[in-house]
$ cat entry-v1.cif   # mmCIF, C-alpha atoms (C1' of nucleotides)
data_coords
#
loop_
_atom_site.label_atom_id
_atom_site.label_comp_id
_atom_site.auth_asym_id
_atom_site.auth_seq_id
_atom_site.Cartn_x
_atom_site.Cartn_y
_atom_site.Cartn_z
CA MET P 1 17.27 -42.30 -63.54
CA GLY P 2 16.49 -42.74 -67.15
CA ILE P 3 16.70 -40.84 -70.37
CA LYS P 4 14.90 -37.55 -70.50
CA GLY P 5 11.92 -37.53 -72.83
CA LEU P 6 12.78 -40.79 -74.54
CA THR P 7 9.25 -42.18 -74.27
CA LYS P 8 7.80 -39.24 -76.12
CA LEU P 9 10.64 -39.18 -78.63
CA LEU P 10 10.02 -42.82 -79.53
CA ALA P 11 6.26 -42.38 -79.58
CA ASP P 12 6.72 -39.55 -82.08
CA ASN P 13 9.56 -40.96 -84.15
CA ALA P 14 9.43 -44.73 -83.81
CA PRO P 15 5.81 -45.67 -83.13
CA LYS P 16 6.15 -49.07 -84.75
CA ALA P 17 8.88 -50.05 -82.32
CA MET P 18 6.33 -50.15 -79.52
CA LYS P 19 3.24 -52.27 -79.35
CA GLU P 20 0.56 -52.78 -76.77
CA GLN P 21 0.45 -56.22 -75.23
CA LYS P 22 -1.85 -58.01 -72.90
CA PHE P 23 -0.59 -58.83 -69.45
CA GLU P 24 -1.69 -62.42 -70.05
CA SER P 25 0.55 -62.80 -73.07
CA TYR P 26 3.60 -63.21 -70.84
CA PHE P 27 2.45 -66.54 -69.45
CA GLY P 28 5.44 -68.81 -68.99
CA ARG P 29 7.96 -66.07 -69.79
CA LYS P 30 11.04 -65.33 -67.76
CA ILE P 31 11.16 -61.62 -67.00
CA ALA P 32 14.00 -59.67 -65.38
CA ILE P 33 13.05 -56.90 -62.97
CA ASP P 34 15.11 -54.18 -61.29
CA ALA P 35 14.42 -54.87 -57.62
CA SER P 36 15.63 -51.62 -56.10
CA MET P 37 13.29 -49.56 -58.23
CA SER P 38 10.34 -51.66 -57.06
CA ILE P 39 11.38 -51.44 -53.41
CA TYR P 40 11.63 -47.71 -53.69
CA GLN P 41 8.09 -47.46 -55.00
CA PHE P 42 6.75 -49.71 -52.27
CA LEU P 43 8.38 -47.62 -49.56
CA ILE P 44 6.77 -44.50 -50.94
CA VAL P 45 3.28 -45.76 -51.35
CA VAL P 46 2.49 -48.97 -49.47
CA GLY P 47 0.62 -48.30 -46.28
CA ARG P 48 1.80 -44.76 -45.97
CA SER P 49 -0.12 -41.95 -44.42
CA GLY P 50 2.02 -39.02 -43.53
CA THR P 51 5.17 -40.43 -41.98
CA GLU P 52 3.41 -43.60 -40.85
CA MET P 53 4.18 -46.85 -42.64
CA LEU P 54 3.57 -50.55 -42.15
CA THR P 55 5.88 -51.80 -39.43
CA ASN P 56 6.58 -54.87 -37.30
CA GLU P 57 6.53 -54.89 -33.53
CA ALA P 58 10.06 -53.59 -33.34
CA GLY P 59 8.95 -50.57 -35.35
CA GLU P 60 10.90 -51.61 -38.45
CA VAL P 61 9.29 -50.78 -41.78
CA THR P 62 7.62 -53.67 -43.61
CA SER P 63 5.97 -51.82 -46.49
CA HIS P 64 8.55 -53.12 -48.93
CA LEU P 65 7.85 -56.70 -47.87
CA GLN P 66 4.11 -56.27 -48.23
CA GLY P 67 4.53 -54.75 -51.68
CA MET P 68 7.09 -57.26 -52.91
CA PHE P 69 5.07 -60.18 -51.58
CA THR P 70 1.75 -59.27 -53.18
CA ARG P 71 3.22 -58.09 -56.46
CA THR P 72 5.33 -61.19 -56.90
CA ILE P 73 2.34 -63.39 -56.23
CA ARG P 74 0.44 -61.48 -58.87
CA LEU P 75 3.21 -62.14 -61.38
CA LEU P 76 3.39 -65.82 -60.47
CA GLU P 77 -0.38 -66.18 -60.78
CA ALA P 78 -0.10 -64.77 -64.29
CA GLY P 79 2.36 -67.57 -65.04
CA ILE P 80 5.27 -65.13 -65.25
CA LYS P 81 8.67 -66.26 -64.00
CA PRO P 82 10.20 -63.16 -62.45
CA VAL P 83 13.88 -62.82 -61.64
CA TYR P 84 14.76 -59.85 -59.45
CA VAL P 85 18.06 -58.09 -60.05
CA PHE P 86 19.62 -56.02 -57.25
CA ASP P 87 21.96 -53.06 -57.69
CA GLY P 88 25.64 -53.31 -56.88
CA GLN P 89 28.18 -50.50 -56.82
CA PRO P 90 27.13 -47.45 -58.87
CA PRO P 91 29.64 -46.29 -61.50
CA ASP P 92 31.82 -43.30 -60.57
CA LEU P 93 30.18 -41.12 -63.18
CA LYS P 94 26.86 -41.51 -61.45
CA LYS P 95 28.12 -40.17 -58.18
CA GLN P 96 27.55 -36.53 -58.96
CA GLU P 97 24.01 -37.38 -59.93
CA LEU P 98 23.59 -39.30 -56.67
CA ALA P 99 24.99 -36.35 -54.75
CA LYS P 100 22.34 -34.15 -56.31
CA ARG P 101 19.63 -36.52 -55.20
CA TYR P 102 21.11 -36.65 -51.72
CA SER P 103 20.97 -32.89 -51.32
CA LYS P 104 17.40 -32.86 -52.54
CA ARG P 105 16.59 -35.44 -49.92
CA ALA P 106 18.28 -33.32 -47.26
CA ASP P 107 16.17 -30.35 -48.36
CA ALA P 108 13.04 -32.46 -48.12
CA THR P 109 14.02 -33.56 -44.62
CA GLU P 110 14.19 -29.95 -43.52
CA ASP P 111 10.92 -29.15 -45.23
CA LEU P 112 9.36 -32.13 -43.51
CA GLN P 113 10.58 -30.89 -40.14
CA GLN P 114 8.97 -27.53 -40.71
CA ALA P 115 5.75 -29.04 -41.98
CA MET P 116 5.52 -31.19 -38.87
CA GLU P 117 6.07 -28.21 -36.63
CA ALA P 118 3.45 -26.28 -38.52
CA GLY P 119 1.15 -29.29 -38.55
CA ASN P 120 0.54 -28.98 -42.28
CA LYS P 121 -0.82 -32.36 -43.27
CA GLU P 122 -0.47 -32.04 -47.02
CA ASP P 123 3.11 -30.91 -46.77
CA ILE P 124 3.98 -33.68 -44.34
CA GLU P 125 2.61 -36.18 -46.83
CA LYS P 126 4.49 -34.62 -49.72
CA PHE P 127 7.86 -34.13 -48.09
CA SER P 128 8.00 -37.43 -46.25
CA LYS P 129 7.78 -39.25 -49.56
CA ARG P 130 10.74 -37.33 -50.83
CA THR P 131 12.91 -38.41 -47.93
CA VAL P 132 12.49 -42.10 -48.76
CA LYS P 133 15.71 -43.99 -49.22
CA VAL P 134 16.24 -47.67 -50.01
CA THR P 135 18.71 -49.05 -47.50
CA LYS P 136 20.87 -52.12 -47.55
CA GLN P 137 18.50 -53.64 -45.00
CA HIS P 138 15.48 -53.18 -47.27
CA ASN P 139 17.35 -54.93 -50.07
CA GLU P 140 18.43 -57.80 -47.83
CA ASP P 141 14.87 -58.19 -46.48
CA CYS P 142 13.53 -58.54 -50.00
CA LYS P 143 16.22 -60.98 -51.09
CA ARG P 144 15.35 -63.18 -48.15
CA LEU P 145 11.62 -62.96 -48.92
CA LEU P 146 12.11 -63.79 -52.60
CA ARG P 147 14.34 -66.76 -51.88
CA LEU P 148 11.76 -68.10 -49.44
CA MET P 149 9.14 -67.69 -52.16
CA GLY P 150 11.28 -69.74 -54.53
CA VAL P 151 11.96 -66.77 -56.81
CA PRO P 152 15.52 -66.28 -58.11
CA VAL P 153 17.60 -63.29 -57.07
CA ILE P 154 20.61 -61.93 -58.93
CA GLU P 155 23.09 -59.48 -57.46
CA ALA P 156 24.48 -57.23 -60.15
CA PRO P 157 28.08 -56.02 -59.83
CA SER P 158 26.93 -52.51 -60.74
CA GLU P 159 23.75 -51.20 -62.36
CA ALA P 160 20.77 -53.55 -62.13
CA GLU P 161 19.33 -52.20 -65.39
CA ALA P 162 22.52 -53.11 -67.21
CA GLN P 163 22.46 -56.62 -65.76
CA CYS P 164 18.81 -57.06 -66.75
CA ALA P 165 19.69 -56.04 -70.31
CA ALA P 166 22.59 -58.49 -70.35
CA LEU P 167 20.30 -61.33 -69.21
CA CYS P 168 17.97 -60.56 -72.06
CA LYS P 169 20.78 -60.26 -74.62
CA SER P 170 22.08 -63.67 -73.65
CA ARG P 171 18.55 -65.08 -73.89
CA LYS P 172 18.38 -66.05 -70.25
CA VAL P 173 15.18 -64.05 -69.93
CA TYR P 174 12.52 -63.18 -72.48
CA ALA P 175 12.31 -59.50 -71.60
CA VAL P 176 13.21 -56.79 -69.11
CA ALA P 177 10.35 -55.14 -67.26
CA SER P 178 11.05 -51.64 -66.00
CA GLU P 179 9.65 -48.16 -65.92
CA ASP P 180 13.08 -46.89 -66.70
CA MET P 181 13.83 -46.18 -70.35
CA ASP P 182 17.56 -46.65 -70.03
CA SER P 183 16.97 -50.38 -70.28
CA LEU P 184 16.83 -49.69 -74.01
CA THR P 185 20.02 -47.65 -73.89
CA PHE P 186 21.69 -50.63 -72.24
CA GLY P 187 20.47 -52.62 -75.21
CA ALA P 188 17.77 -54.82 -73.69
CA PRO P 189 16.43 -56.52 -76.84
CA ARG P 190 12.90 -56.63 -75.51
CA PHE P 191 11.66 -54.18 -72.92
CA LEU P 192 8.29 -53.93 -71.15
CA ARG P 193 6.71 -50.93 -69.51
CA HIS P 194 3.69 -50.90 -67.25
CA LEU P 195 3.88 -54.62 -66.67
CA MET P 196 2.75 -54.07 -63.08
CA ASP P 197 0.17 -51.40 -63.75
CA PRO P 198 -2.75 -53.03 -65.49
CA SER P 199 -4.57 -54.08 -62.33
CA SER P 200 -4.72 -50.76 -60.57
CA ARG P 201 -4.74 -48.51 -63.59
CA LYS P 202 -5.89 -49.34 -67.05
CA VAL P 203 -2.59 -48.93 -68.78
CA PRO P 204 -1.71 -51.61 -71.30
CA VAL P 205 1.69 -53.26 -71.22
CA MET P 206 3.90 -51.53 -73.76
CA GLU P 207 6.52 -53.68 -75.44
CA PHE P 208 9.61 -52.22 -77.13
CA GLU P 209 12.08 -54.04 -79.35
CA VAL P 210 15.41 -52.33 -79.56
CA SER P 211 16.05 -53.70 -83.05
CA LYS P 212 12.89 -52.05 -84.29
CA VAL P 213 13.74 -48.82 -82.51
CA LEU P 214 17.05 -48.70 -84.37
CA GLU P 215 15.44 -49.67 -87.63
CA GLU P 216 12.76 -47.02 -87.38
CA LEU P 217 15.07 -44.27 -86.22
CA ASN P 218 17.54 -45.47 -88.83
CA LEU P 219 20.39 -45.37 -86.32
CA THR P 220 23.07 -47.79 -85.22
CA MET P 221 23.11 -48.83 -81.57
CA ASP P 222 26.09 -46.57 -80.94
CA GLN P 223 24.23 -43.65 -82.48
CA PHE P 224 21.18 -44.43 -80.37
CA ILE P 225 23.37 -44.34 -77.27
CA ASP P 226 24.72 -40.94 -78.34
CA LEU P 227 21.14 -39.78 -78.84
CA CYS P 228 20.31 -40.85 -75.29
CA ILE P 229 23.34 -39.05 -73.84
CA LEU P 230 22.41 -35.86 -75.68
CA SER P 231 18.81 -36.18 -74.54
CA GLY P 232 19.97 -36.34 -70.93
CA CYS P 233 21.11 -39.37 -68.89
CA ASP P 234 22.31 -40.02 -65.34
CA TYR P 235 25.98 -40.04 -66.22
CA CYS P 236 26.65 -36.54 -67.48
CA ASP P 237 25.04 -33.19 -68.21
CA SER P 238 23.42 -32.54 -71.54
CA ILE P 239 23.82 -29.42 -73.69
CA ARG P 240 21.43 -26.67 -72.73
CA GLY P 241 19.02 -25.97 -75.54
CA ILE P 242 19.26 -29.46 -77.01
CA GLY P 243 16.51 -31.91 -76.19
CA GLY P 244 15.37 -35.11 -77.80
CA GLN P 245 14.16 -33.63 -81.07
CA THR P 246 17.23 -31.59 -81.77
CA ALA P 247 19.49 -34.41 -80.64
CA LEU P 248 17.87 -36.79 -83.11
CA LYS P 249 18.24 -34.25 -85.90
CA LEU P 250 21.89 -33.68 -85.07
CA ILE P 251 22.72 -37.38 -84.82
CA ARG P 252 21.05 -38.05 -88.15
CA GLN P 253 22.95 -35.15 -89.67
CA HIS P 254 26.40 -35.75 -88.22
CA GLY P 255 26.39 -39.35 -87.04
CA SER P 256 28.09 -39.01 -83.66
CA ILE P 257 28.66 -36.62 -80.77
CA GLU P 258 32.24 -36.04 -81.97
CA HIS P 259 31.05 -34.84 -85.35
CA ILE P 260 28.30 -32.78 -83.82
CA LEU P 261 30.85 -31.01 -81.62
CA GLN P 262 32.94 -30.24 -84.68
CA ASN P 263 30.02 -28.70 -86.54
CA ILE P 264 27.82 -27.14 -83.92
CA ASN P 265 27.57 -23.38 -83.44
CA LYS P 266 29.37 -22.94 -80.13
CA GLU P 267 28.21 -19.35 -79.73
CA ARG P 268 24.68 -20.60 -79.74
CA TYR P 269 25.21 -23.73 -77.64
CA SER P 270 27.62 -23.93 -74.74
CA ILE P 271 29.25 -27.32 -74.33
CA PRO P 272 29.85 -28.31 -70.68
CA ASP P 273 33.48 -28.12 -69.53
CA ASP P 274 35.28 -31.47 -69.35
CA TRP P 275 32.19 -33.14 -70.68
CA PRO P 276 32.57 -36.89 -70.02
CA TYR P 277 30.28 -38.06 -72.79
CA GLN P 278 32.78 -40.67 -73.94
CA GLU P 279 32.86 -42.33 -70.56
CA ALA P 280 29.08 -42.20 -70.38
CA ARG P 281 28.93 -43.82 -73.80
CA ARG P 282 31.23 -46.56 -72.61
CA LEU P 283 29.03 -47.28 -69.58
CA PHE P 284 26.12 -47.91 -71.92
CA GLN P 285 28.12 -49.85 -74.49
CA GLU P 286 30.06 -52.06 -72.13
CA PRO P 287 28.59 -51.85 -68.64
CA LEU P 288 30.01 -53.92 -65.81
CA VAL P 289 27.81 -57.00 -65.69
CA CYS P 290 28.09 -60.57 -64.55
CA THR P 291 28.28 -63.14 -67.34
CA ASP P 292 29.19 -66.15 -65.25
CA ASP P 293 26.55 -68.79 -65.89
CA GLU P 294 26.88 -70.25 -62.41
CA GLN P 295 26.11 -66.96 -60.71
CA LEU P 296 23.27 -66.36 -63.13
CA GLU P 297 21.54 -69.64 -62.53
CA MET P 298 17.82 -69.11 -62.11
CA LYS P 299 15.53 -71.60 -60.47
CA TRP P 300 11.88 -71.12 -59.67
CA SER P 301 11.32 -73.56 -56.84
CA ALA P 302 8.58 -74.39 -54.36
CA PRO P 303 8.00 -71.86 -51.59
CA ASP P 304 9.44 -72.58 -48.15
CA ASP P 305 6.26 -72.64 -46.04
CA GLU P 306 7.93 -72.69 -42.69
CA GLY P 307 10.50 -70.12 -43.63
CA LEU P 308 7.84 -67.74 -44.91
CA ILE P 309 5.75 -68.07 -41.78
CA THR P 310 8.75 -67.54 -39.55
CA PHE P 311 9.86 -64.49 -41.50
CA LEU P 312 6.55 -62.82 -42.27
CA VAL P 313 4.31 -63.86 -39.37
CA ASN P 314 6.71 -64.34 -36.47
CA GLU P 315 9.30 -61.72 -37.30
CA ASN P 316 7.25 -59.12 -39.11
CA GLY P 317 3.75 -59.37 -37.74
CA PHE P 318 1.96 -60.43 -40.94
CA ASN P 319 -1.47 -61.98 -40.54
CA SER P 320 -1.07 -65.72 -40.29
CA ASP P 321 -4.16 -66.64 -42.32
CA ARG P 322 -3.26 -64.25 -45.07
CA VAL P 323 0.25 -65.64 -45.38
CA THR P 324 -1.02 -69.22 -45.39
CA LYS P 325 -3.48 -68.42 -48.15
CA ALA P 326 -0.82 -66.58 -50.10
CA ILE P 327 1.48 -69.60 -49.91
CA GLU P 328 -1.33 -71.71 -51.35
CA LYS P 329 -1.70 -69.20 -54.15
CA ILE P 330 1.99 -69.54 -54.98
CA LYS P 331 1.75 -73.31 -55.07
CA ALA P 332 -1.36 -73.25 -57.22
CA ALA P 333 0.25 -70.82 -59.62
CA LYS P 334 3.32 -73.00 -59.82
CA ASN P 335 1.30 -76.08 -60.67
CA LYS P 336 -0.62 -74.24 -63.33
CA SER P 337 2.37 -72.72 -65.03
CA SER P 338 4.88 -75.55 -64.64
CA GLN P 339 3.35 -77.10 -67.71
CA GLY P 340 3.27 -73.81 -69.57
CA ARG P 341 5.03 -72.67 -72.68
CA LEU P 342 8.72 -73.40 -72.70
CA GLU P 343 10.87 -75.38 -75.10
CA SER P 344 9.10 -74.35 -78.27
CA PHE P 345 9.82 -70.71 -77.57
CA PHE P 346 13.24 -71.02 -76.06
CA LYS P 347 14.97 -72.73 -78.89
CA PRO P 348 18.65 -73.51 -78.51
CA VAL P 349 20.75 -70.53 -79.48
CA GLY P 350 23.98 -72.41 -79.98
CA ASN P 351 24.75 -71.02 -83.39
CA THR P 352 28.53 -71.03 -83.26
CA SER P 353 28.94 -69.81 -86.80
CA MET P 354 27.75 -66.41 -85.68
CA PRO P 355 30.12 -64.75 -83.25
CA ILE P 356 28.38 -63.18 -80.30
CA LYS P 357 29.18 -59.55 -80.57
CA ARG P 358 28.08 -56.48 -78.81
CA LYS P 359 26.12 -55.37 -81.82
CA ALA P 360 23.95 -58.42 -82.23
CA TYR P 361 20.54 -57.12 -81.21
CA TRP P 362 18.43 -59.46 -83.25
CA LEU P 363 15.59 -61.51 -81.91
CA PRO P 364 14.22 -64.78 -83.25
"C1'" DA E 365 2.61 -19.71 -86.38
"C1'" DC E 366 5.63 -23.24 -85.07
"C1'" DT E 367 9.03 -26.03 -82.43
"C1'" DC E 368 11.29 -26.97 -78.70
"C1'" DT E 369 12.94 -26.54 -73.90
"C1'" DA E 370 12.58 -25.56 -69.11
"C1'" DA E 371 9.91 -25.26 -65.10
"C1'" DC E 372 6.36 -26.88 -62.28
"C1'" DA E 373 2.45 -29.78 -60.49
"C1'" DG E 374 0.66 -34.20 -59.54
"C1'" DC E 375 1.03 -38.97 -59.48
"C1'" DA E 376 3.06 -43.49 -58.06
"C1'" DG E 377 0.62 -50.83 -54.59
"C1'" DA E 378 -2.61 -54.54 -54.06
"C1'" DC E 379 -6.74 -56.04 -52.24
"C1'" DG E 380 -11.41 -56.60 -50.67
"C1'" DG E 381 -15.79 -55.28 -48.47
"C1'" DG E 382 -19.69 -52.31 -48.99
"C1'" DG D 383 -18.24 -51.65 -61.43
"C1'" DC D 384 -16.32 -47.63 -57.94
"C1'" DC D 385 -14.89 -45.87 -53.27
"C1'" DC D 386 -12.29 -46.19 -49.58
"C1'" DG D 387 -10.07 -48.29 -45.72
"C1'" DT D 388 -6.60 -51.81 -44.67
"C1'" DC D 389 -2.41 -54.40 -45.04
"C1'" DC D 390 1.89 -54.44 -40.60
"C1'" DA X 391 28.83 -42.34 -48.81
"C1'" DC X 392 25.49 -40.34 -51.69
"C1'" DT X 393 18.71 -42.16 -54.56
"C1'" DT X 394 12.72 -40.32 -57.56
"C1'" DG X 395 11.01 -40.45 -62.21
"C1'" DC X 396 7.36 -39.74 -65.29
"C1'" DT X 397 3.75 -37.41 -67.69
"C1'" DG X 398 1.30 -33.96 -68.22
"C1'" DT X 399 0.83 -28.62 -68.55
"C1'" DT X 400 2.34 -24.01 -69.49
"C1'" DA X 401 5.20 -20.19 -70.51
"C1'" DG X 402 8.64 -18.35 -73.08
"C1'" DA X 403 12.76 -18.36 -76.15
"C1'" DG X 404 14.29 -18.87 -80.89
#
$ encode --input "entry-v1.cif" --output "structure tokens"
Amino acid sequence: MGIKGLTKLLADNAPKAMKEQKFESYFGRKIAIDASMSIYQFLIVVGRSGTEMLTNEAGEVTSHLQGMFTRTIRLLEAGIKPVYVFDGQPPDLKKQELAKRYSKRADATEDLQQAMEAGNKEDIEKFSKRTVKVTKQHNEDCKRLLRLMGVPVIEAPSEAEAQCAALCKSRKVYAVASEDMDSLTFGAPRFLRHLMDPSSRKVPVMEFEVSKVLEELNLTMDQFIDLCILSGCDYCDSIRGIGGQTALKLIRQHGSIEHILQNINKERYSIPDDWPYQEARRLFQEPLVCTDDEQLEMKWSAPDDEGLITFLVNENGFNSDRVTKAIEKIKAAKNKSSQGRLESFFKPVGNTSMPIKRKAYWLP
DNA sequence: ACTCTAACAGCAGACGGG
DNA sequence: GCCCGTCC
DNA sequence: ACTTGCTGTTAGAG
């Protein structure tokens, strides 16, 4: 997932488009988060030693619940209003990429088998992480948890990242938080990295504005998308020998992939057969997203005490005291932030004289 | 020398007690 | 502060 | 029906 080398490319070529921010500065902000990505990380790291993970009495994994629960509380305590966006159907173009990942996972499963037979602890640790897969059940578990916590959940028709970007474009959220740079390629006006890191590591939150990225690179959004495709994305191969630097040079020189293909030395660079860069471009320009206001309604409500205890304590073996205290934390955070910043920053956007077009990436 | 790419290794949560 | 075990 | 990605580092091609 993501765009190869885009972080470094922007750090080198558009440093002013990114600025360090304090975690605290997002008090009262609505932030969209790709849920599946988070769940994946929790499954890899929370409570894992070797192939062991946190489980309930039935032996079902609960690491994702533990991770989602504590992280979400941390966000709420910071006064952040998170909305979690879940993946829907991946686009067809992504399927070859997914197939690649699947075969890697199969390889890792074999490696794990061998490591277990050989009793090699380090290898068991390493390979078992690579076999992790987010299932439908994990997603449903987390949706249930979040709803019980009073945190809104959105189910994207396709890519969660694209839906997050759309929420931000339509001003329903302040920013998208992700570790995945293709949020920018999907045109998220404001994009945060390392929002979750600052506690464990000492990495500052890094904030990107897509309008500044375009300004500094001196590219249109469509050209930026072409740059990302050339750099390497999930939807199609890139051209061997062309990375971020060269791609940027070529886009600046020729303006689009079409014109690059007309001018490039094809002895030197081999273009992939049947290269679907146009379809990839379209997925970034006009991804399948939900725009129906009713389905996108977001409410941050009080936690359901009883529901949480039933789900976490009774069904999943969480410590009763811990859960009770955590519920109190949620309530306290809610009281503190309910009075927070709001109207003055979320001014009405109803400017009907300006048509809402795909290319409007401005921010107030 | 310099630039860039590919290939590979190592890392990923949150919390609290000592 | 850090280190390290625990969370389920 | 299918899921790692990122940020170093280093070696080597052009």
$ interface_residues --input "entry-v1.cif" --of "chain D" --to "chain P" --cutoff "9 Å" --atoms "all atoms listed in the file" --output "PDB file with C-alpha atoms (C1' of nucleotides), keeping the file's coordinate frame"
ATOM      1  C1'  DT D 388      -6.600 -51.810 -44.670  1.00  0.00           C
ATOM      2  C1'  DC D 389      -2.410 -54.400 -45.040  1.00  0.00           C
ATOM      3  C1'  DC D 390       1.890 -54.440 -40.600  1.00  0.00           C
TER       4       DC D 390
END
$ resolve_selection --input "entry-v1.cif" --expression "the PyMOL selection byres ((chain P and resi 328) around 12)" --output "PyMOL selection string"
chain P and resi 73+76-77+149+302-305+308+321-327+329-335
$ closest_atom_pairs --input "entry-v1.cif" --of "chain P" --to "chain E" --cutoff "8 Å" --atoms "only C-alpha atoms (C1' of nucleotides)" --output "tab-separated table"
residue	atom	partner	partner_atom	distance
P:Gln41	CA	E:DA376	C1'	7.1
P:Phe42	CA	E:DG377	C1'	6.6
P:Val45	CA	E:DG377	C1'	6.6
P:Val46	CA	E:DG377	C1'	5.8
P:Gly67	CA	E:DG377	C1'	6.3
P:Thr70	CA	E:DA378	C1'	6.5
P:Arg71	CA	E:DA378	C1'	7.2
P:Ser200	CA	E:DA378	C1'	7.8
P:Gly241	CA	E:DT369	C1'	6.3
P:Ile242	CA	E:DT369	C1'	7.6
P:Gly243	CA	E:DT369	C1'	6.8
P:Gln245	CA	E:DC368	C1'	7.6
$ interface_residues --input "entry-v1.cif" --of "chain X" --to "chain P" --cutoff "8 Å" --atoms "all atoms listed in the file" --output "VMD selection string"
chain X and resid 392 to 395
$ atom_distance --input "entry-v1.cif" --atom1 "CA of Ala162 (chain P)" --atom2 "CA of Met221 (chain P)"
15.0 Å
$ atom_distance --input "entry-v1.cif" --atom1 "CA of Tyr235 (chain P)" --atom2 "CA of Trp275 (chain P)"
10.3 Å
$ residues_around --input "entry-v1.cif" --residues "region 212-217 of chain P" --least-positions-apart "4" --cutoff "9 Å" --atoms "all atoms listed in the file" --output "VMD selection string"
chain P and resid 10 13 to 18 208 221 223 to 224 248 252
$ atom_distance --input "entry-v1.cif" --atom1 "CA of Cys290 (chain P)" --atom2 "CA of Arg144 (chain P)"
20.9 Å
$ residues_around --input "entry-v1.cif" --residues "Asp182 (chain P)" --least-positions-apart "4" --cutoff "12 Å" --atoms "all atoms listed in the file" --output "PyMOL selection string"
(chain P and resi 1-7+34+159-165+176-178+186-188+191-193+210+224-225+227-229+231-235+283-285) or (chain X and resi 395)
$ residues_around --input "entry-v1.cif" --residues "Glu155 (chain P)" --least-positions-apart "5" --cutoff "7 Å" --atoms "all atoms listed in the file" --output "CSV table (one decimal) with C-alpha atoms, in the frame of the given file"
chain,number,residue,atom,x,y,z
P,85,VAL,CA,18.1,-58.1,-60.0
P,86,PHE,CA,19.6,-56.0,-57.2
P,87,ASP,CA,22.0,-53.1,-57.7
P,88,GLY,CA,25.6,-53.3,-56.9
$ resolve_selection --input "entry-v1.cif" --expression "the PyMOL selection byres ((chain P and resi 276) around 9)" --output "PyMOL selection string"
chain P and resi 93+235-237+273-275+277-281
$ resolve_selection --input "entry-v1.cif" --expression "the PyMOL selection byres ((chain P and resi 19-22) around 6)" --output "tab-separated table (two decimals) with C-alpha atoms, keeping the file's coordinate frame"
chain	number	residue	atom	x	y	z
P	18	MET	CA	6.33	-50.15	-79.52
P	23	PHE	CA	-0.59	-58.83	-69.45
P	24	GLU	CA	-1.69	-62.42	-70.05
P	25	SER	CA	0.55	-62.80	-73.07
P	205	VAL	CA	1.69	-53.26	-71.22
P	206	MET	CA	3.90	-51.53	-73.76
P	207	GLU	CA	6.52	-53.68	-75.44
$ closest_residue --input "entry-v1.cif" --among "P:His259, P:Lys143, P:His254, P:Lys172" --to "Met68 (chain P)" --atoms "all atoms listed in the file"
P:Lys143
